[in-house]
Structures are given as C-alpha cells and as structure tokens.
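What follows is one structure encoded as structure tokens, with my remarks underneath.
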Amino acid sequence: MPRLATALLGACCAVLPALAVAQAPQRPEVARAAAALQDKVVAWRRDIHQHPELSNRETRTGAKVADHLRALGLEPRTGIAHTGVTAVLKGGRPGPRIALRADMDALPVTEQTGLPFASKVTDTYRGQTTGVMHACGHDAHTAILMGVAEALVGMRDELPGEILFVFQPAEEGAPEGEEGGAGLMLKEGVFADFRPEAVFGLHVFSTLNADRLGVRAGPTMAASDRFELKVIGRQTHGSRPWGGVDPIVAAAQIVNQSQAIVSRQMDISRQPVVVSFGAIEGGIRYNIIPDSVEMVGTIRTFDEDMRADVFRRLNHVAEHVAAANGATVQARIPADEGNPVTYNDPALTARMRPSLEAVAGPDKVVDMPLIMGAEDFSLYAREVPGLFFFVGATPVGADPAGAPSNHSPQFDVDESALDLGLRAMLQLALDYLEGGNAG
Ligand SMILES: [Zn+2]
Ligand SMILES: [Zn+2]
C-alpha cells in the first residue's frame with residue numbers, strides 16, 4: 001500500500017505542472033469587451049431588478065431586450081411563448097451554430113434587500129396580491145446576455161459561425177392554466193429554424209462567492225415532478241369510524257409508505273431520490289371523519305429510469321394502501337409534464353471547462369454538488385448537447401452558507417458576478433465557435 005501511495009503521488013506531481021502550463025488565458029477581446037460593457041450591464045440589471053415581472057408577464061423586460069437587439073442591428077423575433085425574444089447573429093466567417101439562453105421572469109416575493117433599486121412592484125398571483133422580486137437572479141442573466149450580444153455584434157466580422165440568443169419567459173413555471181417557459185419556446189419553434197449544435201446557459205447562485213464559477217458534468221439539477229392524490233373514503237361520525245371509511249388514516253399511511261419507496265426500494269447509491277408531500281387537506285370539524293383527503297407533493301430524481309420507477313411505485317403505494325383501508329384513490333403521478341433532469345453533456349463540459357478556468361482562474365472553478373432544484377434549461381439540453389453553469393452571487397469574503405439563498409426576499413447578486421458571468425459566457429462562445437479546446 002505505501003508503495004502504491006508513493007506511485008500515485010509521483011504520478012500526480014508529474015501531471016500537475018503540465019496541466020498548469022496547458023492553462024489557456026482569457027482572451028484579450030473578452031477582457032476588453034467586459035471592461036467596456038460593465039457599466040451598461042450593471043445599469044440594465046438594476047433597471048430590470050427594479051421592474052420585475054412574473055412568469056408569462058415579462059412584457060417590459062421582453063421589449064427592453066428586443067429594443068436593445070434592434071439597436072445592435074439584429075432582427076429579433078418577439079412574442080415567442082408569450083413574451084420571449086430571440087435573435088440570430090451571423091458571423092462574418094462560416095462556423096458552428098450555438099444558442100445562448102437567459103431567463104427573464106421574477107417571483108411572487110416581496111423584496112427585503114433594502115437596495116436603492118429594490119422592487120416596489122406588486123401583482124396578483126393565485127388570486128393574492130404579492131410583491132414581485134427578481135429573487136432568483138434572472139435580472140442578472142438577462143443583463144449578462146444583453147451584454148454578450150453587444151460584445152459579439154462588435155466582433156461580427158471576424159466571428160466564425162452563428163449565435164442564437166434566447167431570452168426566455170416563465171422559467172419558474174407558467175401561471176395555473178397557462179403554458180410557458182422552455183417547453184413552449186421549443187414548441188413555438190426556437191430550435192426549428194435554427195438547430196444549434198450546443199446550448200449554453202448560466203445561473204447566479206448564492207452558495208458560491210462571486211469570484212467563483214461552478215460546473216458539473218452529467219446530471220446536475222434534478223428532474224422535478226408534481227403529483228396529486230385524492231384519497232376517497234366515506235364520511236361518518238368521528239365517534240363511529242366503523243360506520244364509514246376513514247381517508248385521513250389512509251392518507252397518513254400513504255405518506256409514510258411513500259418514504260419507504262426512497263429508503264427501501266430505490267437504489268440511492270446510483271442517484272438520490274426525494275419524495276415530499278407539500279400540502280394535505282381534508283375535513284372540517286373535529287368529530288367528522290371526512291369523505292376525502294387531497295394531497296400534493298414533489299418528486300426529485302436525477303435519472304430518467306429512476307424517475308419513471310418512482311412514478312410507478314408511488315402509484316402502486318397510493319392504490320394499494322388506499323385499498324387496504326377500504327378507500328380508493330385518484331392519483332395523478334405525475335400531475336403534469338415536469339422538468340427533466342438538467343444534464344450537462346460530459347464531452348461538452350470537459351471541452352469547455354478550460355474556458356471557465358480561463359476567466360475565473362483554475363482554482364476558482366468549483367465542482368458543483370447535485371442540486372435538488374430544477375431548471376427548464378433541461379428541455380433545451382435534451383434537444384442538443386447543453387452546458388449549464390453557475391456564477392457565484394455572494395460577495396467575496398462573506399460566507400455563502402449564511403447568505404440569503406435564491407428565492408429568499410433578501411437574495412442579492414453581487415455586481416461583480418455580472419462581469420464574471422459576462423466574461424465566462426463570452427469566452428465559452430468564442431472558444432466553441434473557433435473550435436478551441438477541441439481534442
Ligand atoms: Zn428560481
Ligand atoms: Zn432561476
């Protein structure tokens with residue numbers, strides 16, 4: 001064993017300096033463009049932050065993006081998937097086709113950052129009046145991609161290939177009864193006329209400091225599926241349960257038995273699985289056993305086979321546990337289409353990681369853990385090889401573990417992340433288009 005350890009150590013030491021030498025530098029044109037655009041990107045982001053719009057309602061944001069693309073001399077297509085905007089930039093030389101995507105929507109959250117450009121906007125969500133806030137940082141994504149578009153237009157003549165800019169609404173999910181997001185963008189043909197060979201996206205993230213980029217090959221963010229169960233019994237007096245069928249006891253057993261799917265049946269050494277119930281509703285009075293109980297919840301998985309397997313098993317548990325209680329169940333598992341796992345193409349990830357290291361520095365590119373949250377970028381990356389990476393949002397020096405997370409009313413993006421995000425996306429695009437890092 002000691003000899004093996006020595007041998008491995010020797011191998012490491014021999015390899016490390018070689019890797020360090022192979023480190024590609026940041027492109028000078030990336031540094032130049034980022035420096036020239038920095039103030040604009042900050043101003044755009046502050047403006048978008050101050051005027052957030054809920055999913056499928058991004059009319060002002062979409063118009064701002066379209067105006068900007070038009071001013072750059074591009075011909076944007078607008079109104080895709082309600083408020084989405086796309087534009088194609090053709091370079092002066094032949095080359096590959098890529099797509100760069102940003103999302104534009106905000107959340108029903110009342111902002112508590114105290115920033116001078118904090119949102120005071122309110123809107124109606126699920127019948128309730130609520131504050132609206134860019135609590136997920138999509139304001140940063142939109143501003144960064146506007147900057148990337150301007151930088152690439154400035155390099156147009158020397159640029160090999162074509163770039164599709166995708167500004168997408170409703171990443172957080174369309175309002176009830178509406179369609180939206182990446183699924184609807186694809187349905188309305190964003191990749192129909194322009195089939196990219198690769199798609200890139202980024203997300204600002206509170207768990208990283210703002211001088212870091214995060215990346216992961218393969219499954220990266222979870223598939224997210226909603227389910228609905230209605231357990232139907234027969235109403236009776238609370239003192240005489242034998243006079244009816246108790247759906248509350250049946251529902252409780254379904255909740256418990258569902259956890260055994262995760263802990264006893266799924267091979268969680270392959271990938272983790274989560275089944276969570278988010279709401280249970282049934283009954284009205286302490287001494288009436290109600291007719292039915294309704295439950296909703298979420299399933300998170302990282303593998304398509306395991307995803308389908310959890311659906312099967314949860315349906316099985318619901319049906320048979322209800323039956324064992326003399327009850328029946330109406331199950332919608334999944335209740336709708338859900339988001340598939342966000343999968344970073346391993347070859348593309350390996351190829352582009354040096355581009356991220358070039359802008360952040362090799363020790364500043366972090367291997368991301370699996371993220372249980374979901375992202376509809378997954379739908380583009382199911383069509384063509386994709387790479388979705390993360391940009392730190394928490395100020396350097398602050399502990400990311402204690403920073404308000406995405407979706408928190410105190411969530412904030414350190415403005416240096418705008419510069420790092422822009423340089424990362426720009427370097428990635430140029431390296432890919434020029435065939436850099438290949439082989
Ligand atoms: Zn979000
Ligand atoms: Zn988001």
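Following the order of the structure tokens, chains are lettered A, B, ..., residues in each are numbered from 1, and ligands are numbered from 1.
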**OP:** Please identify the residues whose atoms come within 10 Å of ligand 2, using only C-alpha atoms and all ligand atoms, and report them as an MDAnalysis selection string.
**Re:** chainID A and resid 102:107 134:139 141 170:172 202:205 373:377 406:407
**OP:** Tell me which protein, DNA and RNA residues are within 10 Å of Arg70 of chain A, counting only C-alpha atoms, leaving out same-chain ones fewer than 6 positions away, and put them as JSON, numbers by chain.
**Re:** {"A": [64, 76, 87]}
Original post:
segment 34-228 of chain A: which residues are alpha helix (DSSP H) by DSSP, as a PyMOL selection string?
Top reply: chain A and resi 34-50+59-71+138-154+181-187
What's the 7 Å shell around Pro346 of chain A, counting only C-alpha atoms, without same-chain residues fewer than 4 positions away, as a short mmCIF file (atom, residue, chain, number, x, y, z; two decimals) with N, CA and C atoms, in the first residue's frame?
```
data_model
loop_
_atom_site.label_atom_id
_atom_site.label_comp_id
_atom_site.auth_asym_id
_atom_site.auth_seq_id
_atom_site.Cartn_x
_atom_site.Cartn_y
_atom_site.Cartn_z
N ALA A 217 -20.40 17.80 -14.67
CA ALA A 217 -20.72 17.02 -15.86
C ALA A 217 -21.84 16.04 -15.54
N GLY A 218 -22.66 15.73 -16.54
CA GLY A 218 -23.73 14.75 -16.36
C GLY A 218 -24.91 15.37 -15.62
N ALA A 350 -16.35 18.79 -20.47
CA ALA A 350 -14.89 18.63 -20.39
C ALA A 350 -14.20 19.60 -21.35
#
```
Original post:
So which residues touch Ala33 of chain A within 10 Å, counting only C-alpha atoms, skipping near sequence neighbours fewer than 2 positions away, as an MDAnalysis selection string?
Top reply: chainID A and resid 28:31 35:38 147:148 150:152 154:155 422:423 426
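Residues surrounding Ala331 of chain A within 9 Å are Phe227, Glu228, Leu229, Lys230, Val231, Asn315, Ala318, Glu319 and Ala335 of chain A [only C-alpha atoms; sequence separation below 4 positions excluded].
Counting only C-alpha atoms, the residue from A:His51, A:Arg226, A:His237, A:Arg212 that sits nearest to Pro340 of chain A is A:Arg226.
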